[in-house]
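Only one structure is covered here, and it is reproduced in the block below.
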Amino acid sequence: MLRAGLSPCVFKKSSMITVKELTKTYGTQNAIDAIDFQIGAGEIVGFLGPNGAGKTTTMKIITCFMPPSSGTVEVDNLNIHENSLEIRKRIGYLPEHNPLYLDMYVHEFLRFVGRLYHLPSKHLSQRIPEIIEMTGLGREQHKKIAMLSKGYRQRVGLAQALIHDPDILILDEPTTGLDPNQIVEIRSLIKEIGKSKTIIFSTHILPEVEAIADRVIIIDRGKIVADGPIEDVRGGKNQEHVLRISFDKPGFALEPVKALHAAVRVEIEGLQGREFSFYSPIEIDLRRLIMEQSIAQDNPIASMQKKEKNLEEVFRNLTRG
């Protein structure tokens with residue numbers, strides 16, 4: 001049976017995964033470059049980065065499918081260099097390209113994977129129905145995997161990753177190629193599983209991270225560029241004010257605003273020259289100044305809206321260079 005979930009104040013006190021100075025080199029290129037992070041028990045962590053940033057490489061090293069060039073990883077204080085088999089028992093891994101035996105039946109495949117983990121037949125007789133119910137495979141369990149839709153194949157992949165009841169799940173692009181309904185189903189499943197597991201998952205669907213994860217790690221060109229709770233990564237206490245303002249007429253003069261506050265950034269929105277996004281440090285409130293300028297310029301404000309900075313915006317700013 002799955003263990004009960006751990007409270008946030010508990011998992012922040014312990015570290016299940018510790019990555020230290022981890023480096024992987026191919027020829028003269030560092031796929032990952034001396035990265036460090038820790039993940040505590042019970043956390044759901046979104047692992048983000050552009051293609052080629054080093055996400056999959058990092059995941060393969062943590063799961064002991066690939067050796068690092070230098071540095072190390074510890075899982076429950078077990079070192080990947082010395083305890084790789086023991087670590088694999090504690091991790092469930094769903095690779096990006098879900099490797100399944102298409103000619104096997106779902107029930108047959110899960111029993112096969114369970115035996116690879118040396119689970120006794122008596123235990124599997126109880127465990128397989130639990131996993132099938134958990135992953136919503138009940139109606140499909142007697143079908144060949146080749147007959148399943150991609151969404152159900154992803155469920156089979158999650159089932160095989162869970163069959164040995166690991167403490168940690170590592171999921172590489174678990175919703176790639178799924179339709180919107182399938183994405184919602186898999187997302188809900190991951191969220192539910194996360195109540196009792198530590199989960200690291202990579203994805204390019206940033207709203208998915210905001211919906212599922214407690215924390216986000218962003219990697220770019222092999223280096224960690226952001227790591228923390230989603231609210232902190234989005235800006236937290238240092239978040240900018242973002243005002244989206246539309247004027248009645250085009251041609252609002254920006255110079256008086258910029259002259260008073262050099263730190264202000266302005267982006268023109270739309271094609272009519274009437275809409276602007278004003279970015280200012282958190283301690284600067286531009287609303288009064290802009291209202292005064294709109295009166296002075298005889299250009300009334302049609303609408304003013306405070307815009308929340310989202311994870312996609314942060315991601316682009318950190319990885320576009």
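Residues are referred to by chain and number: the chain letter is A, B, ... according to the order shown in the structure tokens, the number counts from 1 in that chain, and ligands are numbered separately from 1 in the order shown.
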Using 12 Å as the limit and counting only C-alpha atoms, can you tabulate each residue of range 203-288 of chain A that touches range 315-321 of chain A, with its shortest atom-to-atom distance in Å and the two atoms involved, as a Markdown table?
| residue | atom | partner | partner_atom | distance |
| --- | --- | --- | --- | --- |
| A:His204 | CA | A:Phe315 | CA | 10.4 |
| A:Ile205 | CA | A:Phe315 | CA | 11.3 |
| A:Leu206 | CA | A:Phe315 | CA | 8.7 |
| A:Pro207 | CA | A:Phe315 | CA | 11.6 |
| A:Val209 | CA | A:Phe315 | CA | 11.7 |
| A:Val216 | CA | A:Phe315 | CA | 10.5 |
| A:Ile217 | CA | A:Phe315 | CA | 10.4 |
| A:Ile218 | CA | A:Phe315 | CA | 7.6 |
| A:Ile219 | CA | A:Thr319 | CA | 8.3 |
| A:Asp220 | CA | A:Thr319 | CA | 6.0 |
| A:Arg221 | CA | A:Thr319 | CA | 8.5 |
| A:Gly222 | CA | A:Thr319 | CA | 11.2 |
| A:Lys223 | CA | A:Thr319 | CA | 10.6 |
| A:Ile224 | CA | A:Leu318 | CA | 10.2 |
| A:Val225 | CA | A:Leu318 | CA | 6.9 |
| A:Ala226 | CA | A:Leu318 | CA | 8.1 |
| A:Asp227 | CA | A:Phe315 | CA | 11.7 |
| A:Ile230 | CA | A:Phe315 | CA | 11.5 |
| A:Val233 | CA | A:Phe315 | CA | 9.3 |
| A:Arg234 | CA | A:Phe315 | CA | 8.9 |
| A:Gly235 | CA | A:Phe315 | CA | 11.6 |
DSSP-assigned alpha helix (DSSP H) among range 44-255 of chain A, expressed as a VMD selection string: chain A and resid 55 to 62 84 to 90 106 to 116 121 to 134 150 to 162 180 to 193 206 to 212 230 to 234 255
